[in-house]
Amino acid sequence: SKPAEAVKNVVKTATEKITDALTPEVPGAPGSAPPPVEEPTSPHDPLPPKPEQGAPQTRTPTGAETGVPATAKGQQGAYLTTANGARLRDTDHSLKAGPRGPVLLQDHHLREKITHFDHERIPERVVHARGAGAHGVFTAYGTAEAVTRAGFLKKGRETEVFVRFSTVLGSRGSADTVRDTRGFATKFYTDEGTFDLVGNNMPVFFIQDAIKFPDIIHAAKPHPDREIPQAQSAHDTFWDFVSLHTEAQHHAMWNMSDRGIPRSYRTMEGFGVHTFRLVNEAGETVLAKFHWKPKLGVHSLTWEEAQMLGGIDPDFHRRDLYDAIEAGAFPEWELGIQVFPDTPEETFAGIDLLDATKIVPEELAEVQPIGRLVLNRTPTNFFAETEQVAFHLGHLPPGIDVTNDPLLQGRLFSYVDTQLTRLGGPNFAQIPINRPHAAVNDMLRDGFHQHAVHAGVAPYRPNSLDGGNPFPAGDAEHAFLDVPVTVAQAPKVRANPASFDDHYSQVRLFWLSMSPVEKEHIIRAYTFELGKCYHQAIKERQLQCLANIDPVLCEQVATGLGLPAPQPTVPLADVAPSPALSQVGRAWPADGRMVGIVVDPDGDLDGIGEVRRAVFEAGMVPLLIAPHGGMVDGMPVQRTFATGRSVELDALLLAGAPVPAPDALPARDAKAGRPDATTVDPRVLLLVEECWRHAKAIGAWGAGVTVLEQAGVAGTPGIVAAGSGAEALTEVQQLMAAHRVWERFPASVG
Ligand code: HDE
């Protein structure tokens, strides 16, 4: 069903449902099911599938609708069976020669169960191993019709999609919030064939030519001897590569910026990175770059939050995506394109469009919206869908074609190739999540895991035995068009165009586009990452690169490292900043933000219910935080002082000043030399201190105001001491539009 309808049909608002999901089971609390009293023993059918779990499991390997319910490939019937459907009496005891005897080789159930288990794992992706996926719908505005013949971009067309977000460097079990690039890969199941837009949350890449991909990845992955560090770029081999291959400097600075630690997958931009070629009905072509713009704005974590989350909630981004969709707070993006004339030079405003280390600033070429993506369904099974989904740059519908970008050209080879090992053979397109929604009539046959039962005898062309089928299609039948661009008569060389040698001007452009606070974060990130390197020569070489980008940046990082700042070896580029690159200075919607409300069950509870309701009404998620679980004044507690940490909150409201239990954390305050602090529970003070450090808005009323005083934050920017809960919330909400209270961060660089 359409997302809008789905939203309307839920009785609770999305954020009410998120709050329910975050509420531990408490008898009587809204949203929590009563715990099962005893193990159910009377046979009944498997649990029903989640609502709206239909495609793509309901497609055949050739794309036809089967009408088979999604569960058909999963569990059926009430009774335990073998893989072959024979019902079983016992799955807990091996077949033995007497209760104390040896296990018999004839125990086929034991062997089947253990053999299957032994082979449950497949190789993780060589990059982007850690990910989270979701289904959704893409609706085209029709604004791209003039430049592309792609049917799914025609006005009003709705196309099912599957999106997989990922980190790049870490293994499957690594933390979500590490400093890294994020993958943003979208599979559009169009009726003219699947289109995979396999992008990242950064618009540039480390290298210009795919032949260097194994090199950069070998350098960035853990060191081969000890296999550490996991999911990190803060180590010698990464900075060795980046400082020696200076084309990587631009992408490296994006990673060192706040873009490297997104707040949520829902608050990331996405970029196709390469320039593509679009072709319309008339055969006219343009060059284009794809952009995803998140409805909620572009937000990041602070570095300390990211590090804390690595321990407190390593699944933070995966959980956030799942909770939001399950609750009906569907994440949304607009797809946009920058369009450039398809000239023989393949440049725009002097920028080489085939160089994936370059952007075209939005101020020079506007991002024109062409459609809307809504993610509205979580996967039923992580392995079947998120793990087995296989993207490929060559999955293109008619109307979208590739360019000669040497990075793109290499990717066109790599993505199919890697699936052969990862998914065990050439038939991965028949795995349910990968099945096209367009009818398939190929001449590919046999191979491991062949699921189709192909009829006919003549999988070749031309043939006369299968009635000539399949037939080639033309324009009238929407055949894919390899745009007949002229290929230059040129000598075979292993070389780049000269324009690819400019490795610094756009890094400087990015740096100059940052606000002071974002610059400060970049300086700290470089200082941290290089500080984690062992070899001084690598630090010095990277400082040289920074000097070529900006002397102030270089000096600040050099000071942090305790090394001299070198002079630039190239003239500093004269570039105009691109304000669109900064995340600071704009107002964003508050939808789905988390607001913690600290309550004192023994104190004044007046007005808390209204504030909680007002948070819901503002489209945000309230989390009640109390000294213990259960219910407070008829409201369920989502977090206790033991389970709640500041990092999952976007703002904090203090409705009380809970005192510590007499035996709680004894010697702490005496040690800190502030005996007066014992009047407020130190865990609440920690919450306030962290929220303050991470530049979150904090509001208090009633007894809560004393907490501000005891935490030593009263009267500082972004702190609201109000007369009532309603007043506190209103002011906090205004502060939240800027995402953070940026003034609180020191910014030494103008
Ligand atoms: Fe990838 N990349 N890549 N990459 N990439 C893979 O394919 C590769 C590049 C990106 O959620 C692999 O199925 C080469 C740029 C995403 O399943 C592999 C080069 C961009 C994902 C591969 C690049 C990306 C991958 C590993 C240099 C952004 C995850 C598993 C030319 C535009 C997709 C797989 C998912 C995955 C190769 C560079 C994005 C090995 C050779 C540039 C989002 O085929």
# chains A, B, ... in the order shown; residues from 1 in each chain; ligands from 1

$ residues_around --residues "Arg172 (chain A)" --least-positions-apart "5" --cutoff "7 Å" --atoms "only C-alpha atoms" --output "NGL selection string"
:A and (124 or 129-130)

$ write_last_selection --atoms "N, CA and C atoms" --output "JSON list (two decimals), in the first residue's frame"
[["chain", "number", "residue", "atom", "x", "y", "z"],
["A", 124, "GLU", "N", 31.72, -12.65, 3.72],
["A", 124, "GLU", "CA", 31.18, -11.29, 3.79],
["A", 124, "GLU", "C", 31.72, -10.49, 2.61],
["A", 129, "ALA", "N", 30.96, -4.63, 4.16],
["A", 129, "ALA", "CA", 30.43, -5.87, 4.75],
["A", 129, "ALA", "C", 29.32, -5.59, 5.76],
["A", 130, "ARG", "N", 29.41, -4.47, 6.44],
["A", 130, "ARG", "CA", 28.44, -4.15, 7.49],
["A", 130, "ARG", "C", 27.33, -3.28, 6.91]]

$ residues_around --residues "Pro636 (chain A)" --least-positions-apart "3" --cutoff "7 Å" --atoms "only C-alpha atoms" --output "NGL selection string"
:A and (23 or 29 or 630-632)

$ closest_atom_pairs --of "chain A" --to "ligand 1" --cutoff "8 Å" --atoms "only C-alpha atoms and all ligand atoms" --output "CSV"
residue,atom,partner,partner_atom_place_in_ligand_line,distance
A:Arg125,CA,ligand 1,30 (C),4.5
A:Val126,CA,ligand 1,26 (C),5.1
A:Val127,CA,ligand 1,26 (C),4.8
A:His128,CA,ligand 1,29 (C),4.9
A:Ala129,CA,ligand 1,30 (C),7.3
A:Gly131,CA,ligand 1,11 (O),6.6
A:Val163,CA,ligand 1,11 (O),7.8
A:Arg164,CA,ligand 1,11 (O),4.8
A:Phe165,CA,ligand 1,11 (O),6.0
A:Ser166,CA,ligand 1,11 (O),6.0
A:Val168,CA,ligand 1,21 (C),7.6
A:Arg182,CA,ligand 1,43 (C),7.1
A:Gly183,CA,ligand 1,43 (C),3.5
A:Phe184,CA,ligand 1,43 (C),4.9
A:Ala185,CA,ligand 1,43 (C),4.7
A:Val198,CA,ligand 1,43 (C),5.0
A:Gly199,CA,ligand 1,32 (C),3.8
A:Asn200,CA,ligand 1,28 (C),4.5
A:Met202,CA,ligand 1,28 (C),7.9
A:Pro203,CA,ligand 1,32 (C),7.5
A:Val204,CA,ligand 1,42 (C),7.3
A:Phe205,CA,ligand 1,42 (C),5.3
A:Phe206,CA,ligand 1,42 (C),7.9
A:Ile207,CA,ligand 1,27 (C),7.5
A:Gln208,CA,ligand 1,31 (C),7.8
A:Asp209,CA,ligand 1,31 (C),6.3
A:Ala210,CA,ligand 1,31 (C),3.5
A:Ile211,CA,ligand 1,31 (C),7.0
A:Lys212,CA,ligand 1,27 (C),7.3
A:Phe213,CA,ligand 1,27 (C),4.9
A:Pro214,CA,ligand 1,41 (C),7.3
A:Phe271,CA,ligand 1,32 (C),6.8
A:Gly272,CA,ligand 1,32 (C),5.1
A:Val273,CA,ligand 1,32 (C),4.8
A:His274,CA,ligand 1,32 (C),6.6
A:Ala356,CA,ligand 1,42 (C),7.3
A:Thr386,CA,ligand 1,11 (O),7.8
A:Glu387,CA,ligand 1,17 (O),7.6
A:Val389,CA,ligand 1,17 (O),6.2
A:Ala390,CA,ligand 1,13 (O),5.4
A:Phe391,CA,ligand 1,17 (O),5.6
A:His392,CA,ligand 1,13 (O),7.1
A:Pro406,CA,ligand 1,31 (C),7.5
A:Leu407,CA,ligand 1,31 (C),4.1
A:Leu408,CA,ligand 1,31 (C),5.8
A:Gln409,CA,ligand 1,31 (C),7.3
A:Gly410,CA,ligand 1,31 (C),5.1
A:Arg411,CA,ligand 1,41 (C),4.6
A:Phe413,CA,ligand 1,41 (C),7.6
A:Ser414,CA,ligand 1,44 (O),4.4
A:Tyr415,CA,ligand 1,44 (O),3.6
A:Val416,CA,ligand 1,44 (O),6.9
A:Asp417,CA,ligand 1,44 (O),7.0
A:Thr418,CA,ligand 1,44 (O),5.2
A:Gln419,CA,ligand 1,13 (O),6.1

$ closest_residue --among "A:Val647, A:Ala590, A:Ala722, A:Leu153" --to "Pro314 (chain A)" --atoms "only C-alpha atoms"
A:Val647

$ select_by_dssp --residues "region 425-657 of chain A" --states "alpha helix (DSSP H)" --output "ChimeraX atom specification"
/A:505-513,516-531,536-549,551-561,608-617

$ closest_atom_pairs --of "region 567-588 of chain A" --to "region 363-368 of chain A" --cutoff "9 Å" --atoms "only C-alpha atoms" --output "tab-separated table"
residue	atom	partner	partner_atom	distance
A:Ser578	CA	A:Glu363	CA	6.6
A:Pro579	CA	A:Glu363	CA	8.1
A:Ala580	CA	A:Glu363	CA	7.5

$ residues_around --residues "Arg612 (chain A)" --least-positions-apart "2" --cutoff "9 Å" --atoms "only C-alpha atoms" --output "PyMOL selection string"
chain A and resi 597+607-610+614-617+621-624

$ write_last_selection --atoms "C-alpha atoms" --output "PDB file, in the first residue's frame"
ATOM      1  CA  ILE A 597      12.745  13.513  29.937  1.00  0.00           C
ATOM      2  CA  GLY A 607       2.877  18.576  33.696  1.00  0.00           C
ATOM      3  CA  ILE A 608       5.067  15.667  32.608  1.00  0.00           C
ATOM      4  CA  GLY A 609       2.207  13.937  30.830  1.00  0.00           C
ATOM      5  CA  GLU A 610       1.441  17.113  28.837  1.00  0.00           C
ATOM      6  CA  ALA A 614       3.535  17.754  23.171  1.00  0.00           C
ATOM      7  CA  VAL A 615       6.755  15.990  22.163  1.00  0.00           C
ATOM      8  CA  PHE A 616       4.669  13.428  20.270  1.00  0.00           C
ATOM      9  CA  GLU A 617       2.651  16.160  18.654  1.00  0.00           C
ATOM     10  CA  VAL A 621      10.070  10.727  20.321  1.00  0.00           C
ATOM     11  CA  PRO A 622       9.935  11.215  24.105  1.00  0.00           C
ATOM     12  CA  LEU A 623      11.913   8.811  26.303  1.00  0.00           C
ATOM     13  CA  LEU A 624      11.098   8.861  30.001  1.00  0.00           C
TER      14      LEU A 624
END

$ closest_residue --among "A:Val11, A:Glu284, A:Ala86, A:Gly371" --to "Thr159 (chain A)" --atoms "only C-alpha atoms"
A:Gly371

$ closest_residue --among "A:Met443, A:Val595, A:Thr91, A:Ala537" --to "Ile114 (chain A)" --atoms "only C-alpha atoms"
A:Thr91

$ residues_around --residues "region 711-721 of chain A" --least-positions-apart "3" --cutoff "7 Å" --atoms "only C-alpha atoms" --output "ChimeraX atom specification"
/A:685,688-689,697-701,705,707-708,728,731,735,741,743-744

$ write_last_selection --atoms "C-alpha atoms" --output "PDB file, in the first residue's frame"
ATOM      1  CA  LEU A 685      24.641  14.969  36.280  1.00  0.00           C
ATOM      2  CA  VAL A 688      23.579  16.617  31.599  1.00  0.00           C
ATOM      3  CA  GLU A 689      27.359  16.965  31.263  1.00  0.00           C
ATOM      4  CA  ALA A 697      19.637  21.691  23.855  1.00  0.00           C
ATOM      5  CA  ILE A 698      18.735  21.160  27.516  1.00  0.00           C
ATOM      6  CA  GLY A 699      15.581  22.494  29.136  1.00  0.00           C
ATOM      7  CA  ALA A 700      14.464  22.362  32.757  1.00  0.00           C
ATOM      8  CA  TRP A 701      11.598  23.493  34.912  1.00  0.00           C
ATOM      9  CA  VAL A 705      16.466  23.803  37.332  1.00  0.00           C
ATOM     10  CA  VAL A 707      20.158  20.066  38.200  1.00  0.00           C
ATOM     11  CA  LEU A 708      21.369  22.684  35.709  1.00  0.00           C
ATOM     12  CA  ALA A 728      10.906  24.603  28.239  1.00  0.00           C
ATOM     13  CA  GLU A 731      12.408  26.878  23.545  1.00  0.00           C
ATOM     14  CA  LEU A 735      17.134  25.353  19.442  1.00  0.00           C
ATOM     15  CA  VAL A 741      23.912  24.459  19.925  1.00  0.00           C
ATOM     16  CA  GLU A 743      28.245  28.019  19.924  1.00  0.00           C
ATOM     17  CA  ARG A 744      29.159  25.509  22.596  1.00  0.00           C
TER      18      ARG A 744
END

$ closest_residue --among "A:Leu649, A:Ala219, A:Ala473, A:Ala558" --to "Lys539 (chain A)" --atoms "only C-alpha atoms"
A:Ala558

$ residues_around --residues "region 333-347 of chain A" --least-positions-apart "6" --cutoff "10 Å" --atoms "only C-alpha atoms" --output "JSON, numbers by chain"
{"A": [138, 139, 140, 141, 143, 144, 147, 266, 267, 268, 269, 270, 271, 272, 275, 276, 277, 278, 284, 285, 286, 287, 288, 289, 290, 291, 292, 293, 294, 295, 296, 297, 353, 354, 355, 360, 361, 362, 364, 365, 366, 367, 368, 369, 370, 371, 372, 373, 374, 375, 403, 404, 485, 486, 488]}

$ select_by_dssp --residues "region 98-140 of chain A" --states "strand (DSSP E)" --output "MDAnalysis selection string"
chainID A and resid 131:140

$ closest_residue --among "A:Val599, A:Ala234, A:Ala458, A:Ala576" --to "Ala525 (chain A)" --atoms "only C-alpha atoms"
A:Ala234

$ residues_around --residues "Gly193 (chain A)" --least-positions-apart "6" --cutoff "8 Å" --atoms "only C-alpha atoms" --output "list in words"
His395, Leu396, Pro397, Pro436, His437 and Ala438 of chain A

$ closest_residue --among "A:Pro470, A:Pro516, A:Gly74, A:Pro262" --to "Phe745 (chain A)" --atoms "only C-alpha atoms"
A:Pro516
